[in-house]
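Data file: protein-v4.cif. Format and content: mmCIF, C-alpha atoms.
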data_structure
loop_
_atom_site.label_atom_id
_atom_site.label_comp_id
_atom_site.auth_asym_id
_atom_site.auth_seq_id
_atom_site.Cartn_x
_atom_site.Cartn_y
_atom_site.Cartn_z
CA MET A 1 189.38 17.99 -22.07
CA ARG A 2 187.67 20.82 -23.94
CA ASN A 3 184.52 18.67 -24.04
CA MET A 4 184.66 18.16 -20.29
CA ASN A 5 185.04 21.90 -19.67
CA GLY A 6 182.08 22.54 -21.93
CA ASP A 7 179.95 20.05 -19.92
CA MET A 8 180.92 21.67 -16.58
CA GLU A 9 180.00 25.13 -17.87
CA GLY A 10 176.63 23.78 -18.99
CA VAL A 11 175.98 22.29 -15.57
CA ILE A 12 177.03 25.53 -13.82
CA GLU A 13 174.80 27.54 -16.12
CA SER A 14 171.76 25.35 -15.40
CA LEU A 15 172.47 25.56 -11.63
CA ARG A 16 172.62 29.36 -11.89
CA ARG A 17 169.26 29.34 -13.64
CA LEU A 18 167.79 27.12 -10.91
CA LYS A 19 169.18 29.44 -8.21
CA TRP A 20 167.69 32.46 -9.94
CA ALA A 21 164.27 30.72 -10.15
CA ALA A 22 164.45 29.75 -6.45
CA GLU A 23 165.32 33.32 -5.46
CA ASN A 24 162.33 34.54 -7.47
CA ARG A 25 160.05 32.13 -5.61
CA VAL A 26 161.45 33.31 -2.23
CA SER A 27 160.79 36.93 -3.18
CA GLU A 28 157.22 36.13 -4.25
CA ALA A 29 156.53 34.16 -1.05
CA GLN A 30 158.00 36.97 1.07
CA ALA A 31 155.77 39.49 -0.71
CA LEU A 32 152.72 37.29 -0.04
CA LEU A 33 153.68 36.91 3.64
CA ASP A 34 154.15 40.66 4.03
CA GLN A 35 150.77 41.28 2.43
CA ALA A 36 149.03 38.73 4.71
CA LYS A 37 150.66 40.28 7.79
CA ALA A 38 149.60 43.76 6.73
CA GLU A 39 146.00 42.54 6.25
CA ARG A 40 146.02 40.88 9.67
CA ASP A 41 147.38 44.02 11.36
CA HIS A 42 144.72 46.09 9.62
CA ILE A 43 141.95 43.78 10.89
CA VAL A 44 143.39 43.84 14.42
CA ARG A 45 143.40 47.67 14.34
CA MET A 46 139.77 47.68 13.16
CA LEU A 47 138.78 45.30 15.98
CA ARG A 48 140.59 47.49 18.49
CA VAL A 49 138.74 50.56 17.24
CA ALA A 50 135.47 48.59 17.55
CA GLY A 51 136.32 47.99 21.22
CA VAL A 52 136.96 44.23 20.96
CA GLN A 53 139.55 43.09 23.48
CA GLU A 54 141.91 40.45 22.26
CA GLU A 55 142.34 37.38 24.44
CA GLN A 56 145.34 37.77 26.66
CA PRO A 57 147.57 34.74 27.13
CA LYS A 58 146.81 33.02 30.42
CA ALA A 59 149.02 34.10 33.25
CA LYS A 60 151.41 31.40 34.33
CA PRO A 61 150.81 30.08 37.83
CA LYS A 62 152.79 32.08 40.29
CA LYS A 63 155.88 30.40 41.57
CA GLU A 64 155.93 30.61 45.29
CA LYS A 65 158.68 29.66 47.64
CA PRO A 66 157.42 27.61 50.57
CA ALA A 67 157.16 29.91 53.58
CA LYS A 68 159.69 29.19 56.25
CA VAL A 69 158.12 28.14 59.52
CA ASN A 70 160.18 28.17 62.65
CA GLU A 71 160.19 25.32 65.16
CA GLU A 72 158.15 27.25 67.75
CA THR A 73 155.35 27.96 65.27
CA ARG A 74 155.39 24.37 64.09
CA ALA A 75 155.20 23.07 67.69
CA SER A 76 152.41 25.50 68.56
CA VAL A 77 150.35 24.40 65.54
CA LEU A 78 150.95 20.72 66.28
CA ASN A 79 149.81 21.36 69.85
CA ALA A 80 146.69 23.14 68.58
CA ILE A 81 145.94 20.14 66.32
CA ARG A 82 146.35 17.82 69.31
CA LEU A 83 143.99 19.94 71.44
CA TRP A 84 141.46 20.11 68.61
CA THR A 85 141.63 16.33 68.11
CA GLU A 86 141.11 15.70 71.82
CA LEU A 87 138.03 17.90 71.72
CA GLY A 88 136.36 15.34 69.44
CA ASN A 89 134.58 17.86 67.25
CA PRO A 90 135.81 17.03 63.74
CA ALA A 91 135.32 19.51 60.90
CA ILE A 92 133.94 16.65 58.79
CA PRO A 93 131.86 14.11 60.67
CA GLY A 94 133.34 10.64 60.28
CA VAL A 95 136.90 11.90 59.88
CA PRO A 96 138.28 11.96 63.43
CA GLY A 97 140.42 14.97 64.25
CA SER A 98 139.70 16.73 60.96
CA PHE A 99 140.18 20.48 61.16
CA THR A 100 140.41 23.67 59.17
CA THR A 101 143.10 26.24 59.87
CA MET A 102 140.35 28.49 61.27
CA ASP A 103 139.49 25.82 63.85
CA LEU A 104 143.04 25.99 65.20
CA GLU A 105 142.97 29.75 65.76
CA GLU A 106 141.38 29.34 69.19
CA TYR A 107 144.12 26.99 70.35
CA THR A 108 147.20 28.96 69.42
CA PRO A 109 148.14 32.62 69.74
CA LEU A 110 149.58 32.59 66.21
CA HIS A 111 148.26 34.71 63.37
CA SER A 112 146.01 32.91 60.90
CA SER A 113 148.56 33.24 58.07
CA SER A 114 151.25 31.63 60.23
CA ILE A 115 148.87 28.77 61.01
CA ARG A 116 148.12 28.33 57.30
CA ASN A 117 151.81 28.26 56.40
CA ALA A 118 152.60 25.82 59.19
CA VAL A 119 149.76 23.49 58.12
CA LYS A 120 150.93 23.67 54.48
CA ASN A 121 154.40 22.63 55.59
CA LEU A 122 153.00 19.84 57.77
CA ARG A 123 151.14 18.61 54.70
CA ASP A 124 154.36 18.65 52.70
CA GLU A 125 156.02 16.63 55.43
CA GLY A 126 153.20 14.09 55.37
CA ILE A 127 152.15 14.77 58.94
CA VAL A 128 148.74 16.05 57.93
CA ARG A 129 146.80 15.27 54.78
CA ALA A 130 144.17 17.19 52.87
CA VAL A 131 140.71 15.65 53.21
CA GLY A 132 138.70 17.98 50.97
CA LEU A 133 136.88 21.28 51.06
CA LYS A 134 134.42 21.94 53.85
CA ALA A 135 130.91 21.71 52.45
CA GLY A 136 128.17 24.21 53.09
CA MET A 137 130.36 27.25 53.62
CA PRO A 138 128.73 30.49 52.46
CA ARG A 139 131.94 31.94 51.01
CA ARG A 140 135.25 30.43 50.00
CA ALA A 141 135.26 26.88 51.34
CA PRO A 142 138.30 26.15 53.50
CA MET A 143 140.38 23.00 53.11
CA VAL A 144 139.91 20.39 55.79
CA TYR A 145 142.97 18.53 57.02
CA ALA A 146 143.46 15.48 59.21
CA LEU A 147 146.45 13.80 60.76
CA GLY A 148 147.94 11.50 58.14
CA GLU A 149 147.40 8.14 59.78
CA GLY A 150 149.65 5.37 58.60
CA ASN A 151 152.68 7.59 58.85
CA GLU A 152 154.51 7.15 62.12
CA THR A 153 155.78 10.71 62.09
CA SER A 154 152.19 11.83 62.64
CA GLU A 155 152.34 10.30 66.10
CA MET B 1 132.85 24.90 38.47
CA LYS B 2 131.01 28.04 39.56
CA ARG B 3 132.19 28.04 43.13
CA ALA B 4 134.39 30.37 45.08
CA SER B 5 136.76 27.48 45.59
CA SER B 6 136.74 26.49 41.93
CA ASP B 7 140.53 26.83 41.77
CA LEU B 8 140.88 23.53 43.59
CA GLN B 9 141.89 20.76 41.22
CA ILE B 10 142.01 17.03 41.77
CA ARG B 11 145.71 17.09 40.91
CA SER B 12 146.46 18.99 44.12
CA PHE B 13 145.63 15.76 45.98
CA SER B 14 148.27 13.06 46.08
CA ASP B 15 147.45 9.39 45.52
CA ARG B 16 147.99 8.90 49.27
CA GLU B 17 145.41 11.55 50.09
CA ILE B 18 142.89 10.10 47.65
CA ILE B 19 143.26 6.58 49.04
CA SER B 20 142.89 8.03 52.55
CA ALA B 21 139.75 9.93 51.51
CA MET B 22 138.37 6.66 50.11
CA GLY B 23 139.18 5.05 53.46
CA ASP B 24 137.37 7.85 55.32
CA LEU B 25 134.26 7.35 53.22
CA GLY B 26 134.12 3.61 52.82
CA GLY B 27 136.32 2.27 55.59
CA GLY B 28 137.97 -0.11 53.15
CA THR B 29 134.81 -0.92 51.25
CA GLU B 30 133.61 0.42 47.90
CA VAL B 31 132.90 4.12 47.49
CA LEU B 32 131.02 5.95 44.78
CA ALA B 33 133.12 8.31 42.66
CA SER B 34 130.38 10.92 43.11
CA ASP B 35 130.63 10.63 46.91
CA LEU B 36 134.39 11.05 46.72
CA ALA B 37 133.92 14.11 44.49
CA THR B 38 131.44 15.58 46.97
CA ARG B 39 133.96 15.09 49.77
CA ILE B 40 137.00 16.42 47.92
CA PHE B 41 135.30 19.47 46.38
CA GLY B 42 133.08 20.17 49.38
CA LEU B 43 129.88 20.06 47.32
CA ASN B 44 126.41 20.16 48.78
CA GLY B 45 122.79 20.23 47.68
CA ASN B 46 123.00 23.91 46.70
CA ASP B 47 125.51 23.22 43.97
CA ASP B 48 124.32 22.87 40.43
CA GLU B 49 123.84 19.38 38.99
CA LYS B 50 126.40 20.26 36.30
CA VAL B 51 128.96 21.03 39.01
CA HIS B 52 128.34 17.64 40.64
CA ARG B 53 128.66 15.84 37.30
CA HIS B 54 131.85 17.65 36.36
CA ALA B 55 133.42 16.93 39.76
CA ALA B 56 132.47 13.24 39.52
CA ARG B 57 134.02 13.07 36.05
CA CYS B 58 137.27 14.60 37.32
CA VAL B 59 137.42 12.09 40.17
CA THR B 60 136.55 9.16 37.89
CA SER B 61 139.29 10.16 35.48
CA ARG B 62 141.84 10.30 38.29
CA LEU B 63 140.68 6.96 39.70
CA SER B 64 140.97 5.42 36.24
CA TRP B 65 144.63 6.44 36.12
CA MET B 66 145.15 5.13 39.63
CA LYS B 67 143.57 1.84 38.52
CA ARG B 68 146.02 1.69 35.65
CA TYR B 69 148.83 2.07 38.20
CA GLY B 70 147.34 -0.68 40.40
CA LEU B 71 146.36 1.50 43.36
CA VAL B 72 142.58 1.17 43.10
CA GLU B 73 140.10 -1.24 41.55
CA LYS B 74 136.58 -0.93 40.24
CA GLY B 75 133.90 -2.09 42.66
CA ASP B 76 131.15 -4.58 41.93
CA ASP B 77 128.50 -1.90 41.54
CA LYS B 78 128.57 0.69 38.77
CA GLY B 79 130.49 3.84 39.66
CA THR B 80 132.09 2.34 42.74
CA TRP B 81 135.78 2.08 43.47
CA VAL B 82 137.89 0.48 46.15
CA ALA B 83 141.56 0.74 47.10
CA SER B 84 143.48 -2.30 45.88
CA GLU B 85 145.47 -4.45 48.31
CA TRP B 86 148.64 -2.80 47.01
CA GLY B 87 147.04 0.62 47.38
CA LYS B 88 146.12 -0.07 51.00
CA GLN B 89 149.52 -1.52 51.76
CA LEU B 90 151.39 1.38 50.22
CA ARG B 91 149.19 3.91 51.98
CA TYR B 92 148.95 2.44 55.44
CA THR B 93 152.25 0.63 56.00
CA SER B 94 154.36 2.89 58.13
CA LEU B 95 157.99 3.62 57.41
CA GLY B 96 159.23 3.06 60.94
CA ARG B 97 160.35 5.75 63.30
CA SER B 98 164.08 5.02 63.07
CA LEU B 99 164.14 5.02 59.27
CA SER B 100 161.99 8.14 59.08
CA SER B 101 164.25 9.89 61.55
CA ALA B 102 167.37 8.77 59.67
CA ILE B 103 166.04 10.26 56.43
CA THR B 104 165.02 13.50 58.15
CA ASN B 105 168.44 13.86 59.75
CA THR B 106 170.48 12.99 56.66
CA PRO B 107 173.09 15.73 56.24
CA GLU B 108 172.68 17.82 53.08
CA GLY B 109 176.01 16.62 51.78
CA SER B 110 174.69 13.06 51.69
CA LEU B 111 171.40 13.86 49.92
CA LEU B 112 172.69 12.95 46.48
CA GLU B 113 173.75 9.55 47.77
CA LEU B 114 170.38 9.22 49.51
CA SER B 115 168.58 10.01 46.23
CA HIS B 116 170.72 7.45 44.45
CA GLN B 117 169.84 4.76 46.97
CA VAL B 118 166.14 5.67 46.94
CA SER B 119 165.98 5.59 43.13
CA ASP B 120 167.95 2.34 43.08
CA ARG B 121 165.42 0.86 45.52
CA MET B 122 162.56 2.25 43.44
CA LEU B 123 163.84 0.62 40.26
CA GLY B 124 164.31 -2.65 42.11
CA ALA B 125 160.73 -2.61 43.42
CA GLY B 126 157.75 -4.20 41.69
CA ASP B 127 155.81 -2.26 39.05
CA ILE B 128 153.04 -0.97 41.31
CA ALA B 129 155.29 0.14 44.16
CA ALA B 130 157.82 1.71 41.79
CA ARG B 131 155.15 3.66 39.92
CA ALA B 132 153.54 4.79 43.17
CA MET B 133 156.91 6.04 44.40
CA ARG B 134 157.57 7.88 41.15
CA ARG B 135 154.11 9.47 41.19
CA GLU B 136 154.54 10.58 44.80
CA VAL B 137 157.89 12.22 44.05
CA GLN B 138 156.48 13.92 40.94
CA HIS B 139 153.40 15.06 42.85
CA GLN B 140 155.41 16.55 45.70
CA ILE B 141 157.69 18.44 43.34
CA THR B 142 154.83 19.76 41.18
CA ARG B 143 152.52 20.75 44.02
CA ARG B 144 155.19 22.65 45.87
CA ARG B 145 156.33 24.39 42.73
CA TRP B 146 152.90 25.68 41.69
CA ARG B 147 150.93 26.08 44.88
#
How does the structure come out when it is put into structure tokens?
Amino acid sequence: MRNMNGDMEGVIESLRRLKWAAENRVSEAQALLDQAKAERDHIVRMLRVAGVQEEQPKAKPKKEKPAKVNEETRASVLNAIRLWTELGNPAIPGVPGSFTTMDLEEYTPLHSSSIRNAVKNLRDEGIVRAVGLKAGMPRRAPMVYALGEGNETSE
Amino acid sequence: MKRASSDLQIRSFSDREIISAMGDLGGGTEVLASDLATRIFGLNGNDDEKVHRHAARCVTSRLSWMKRYGLVEKGDDKGTWVASEWGKQLRYTSLGRSLSSAITNTPEGSLLELSHQVSDRMLGAGDIAARAMRREVQHQITRRRWR
């Protein structure tokens, strides 16, 4: 029994020594980490003084709720699309009835932003589809849309 | 791309829209990826050659994925693509007015059941149709979230 107690004490003693060594290593590693951080902060401060701007993290894309479009606006825009299509002057030659939201402005009394929102919603519904950007525009090229053929709702 | 409209990305176009754009350009025949890029990004002769090349690469990459999903195929000539039979069928077969109207008029309380039935139908469909359905749902959710 005495022998067994002596063995246990020996084991406990060696475990204590191991724990003490591990704690020493943690302290040393922490000291190294603190030193590295301090060096980094010092360099960052020097760069700031030198006028170097640090790269900002990219802004996340803005979450936007789909704009609500009332039935009247929707009907007015659909009517404008119909009138534009009947005119036979597509925004992109070879894509019958293709239009930009600016093309519709003449055929509806709605504000351009209302037209844009209504067309976005019609695209979400599958009634119109995006064709591509209008080529040869001097400034920001507008998106060209067309009625989404193949979907009966577009009738 | 150094254009005012450089924020446009190919991912904002759904597979349906890309197959339709291919139909606009080729009328069911093969189209060049570069022509499709020119159409989608609204490029013209004033744009830098680098811009054209980058746009064509973006479109080719997307078409390669669509090929993997069975919606398009490579054409006989280099750099040409054509919508597959499945791609054409999935794009141009209409849903039917009564079914479309039934889905539109489904009461909100029944939408969970509707989703269950749609997903059950999706899982029961063949590989190409099921993947196309899944991609369309994912596209709609992502585009509306980040537009």
TODO: Go through B:Leu114, B:Leu71, B:Val31, B:Leu43 one by one, measure the shortest atom-to-atom distance of each to chain A using all atoms listed in the file, and give the residue with the smallest value.
DONE: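 For chain A, the nearest of the given residues is B:Leu43.
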Report the centre and edge lengths, in Å to one decimal, of an axis-aligned box enclosing every atom of region 127-131 of chain A listed in the file, padded by 5 Å on each side, as JSON.
{"center_x": 146.4, "center_y": 16.0, "center_z": 55.9, "size_x": 21.4, "size_y": 12.4, "size_z": 16.1}
TODO: Can you check which residues of chain B have any atom within 9 Å of chain A? Use all atoms listed in the file and format it as a ChimeraX atom specification.
DONE: /B:3-5,8,13-14,16-18,20-21,24-25,37-46,91-97,100-101,140,144-147
TODO: Please measure the separation of CA of Ile141 (chain B) and CA of Lys88 (chain B), giving the value in Å to one decimal.
DONE: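 Rounded to one decimal, the two atoms are 23.1 Å apart.
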TODO: Check which residues satisfy the PyMOL selection byres ((chain A and resi 99) around 7) in the file shown, then give them as an MDAnalysis selection string.
DONE: chainID A and resid 90:91 97:98 100:101 103 144:146
Open item on the list: Could you tell me, as a PyMOL selection string, exactly which residues end up selected when the PyMOL selection byres ((chain B and resi 53-55) around 10) is applied to this structure?
Closed with: chain B and resi 1+9-10+33-38+40-41+43+48-52+56-61
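Our summary of the geometry notes that CA of Gly75 (chain B) is positioned 25.7 Å from CA of Arg134 (chain B).
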Task: Distance of CA of Val77 (chain A) from CA of Ala118 (chain A), expressed in Å to one decimal place - done: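 About the pair CA of Ala118 (chain A) and CA of Val77 (chain A): they are 6.9 Å apart.
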TODO: Mind checking which residues fall within 10 Å of region 64-66 of chain B, counting all atoms listed in the file, ignoring those fewer than 5 positions away in the same chain, and posting them as a ChimeraX atom specification?
DONE: /B:15,18-19,58-59,71-74,81,83-84,87,132
Task: Spatial neighbours of Gly28 (chain B), max dist 8 Å, all atoms listed in the file, sep filter under 5 positions, as a PyMOL selection string - done: chain B and resi 22-23+82-83
Task: Surrounding residues of region 121-130 of chain B excluding itself and chain neighbours under 5 positions, 9 Å, all atoms listed in the file, as a list in words - done: Tyr69, Gly70, Leu71, Trp86, Gly87, Leu90, His116 and Arg135 of chain B
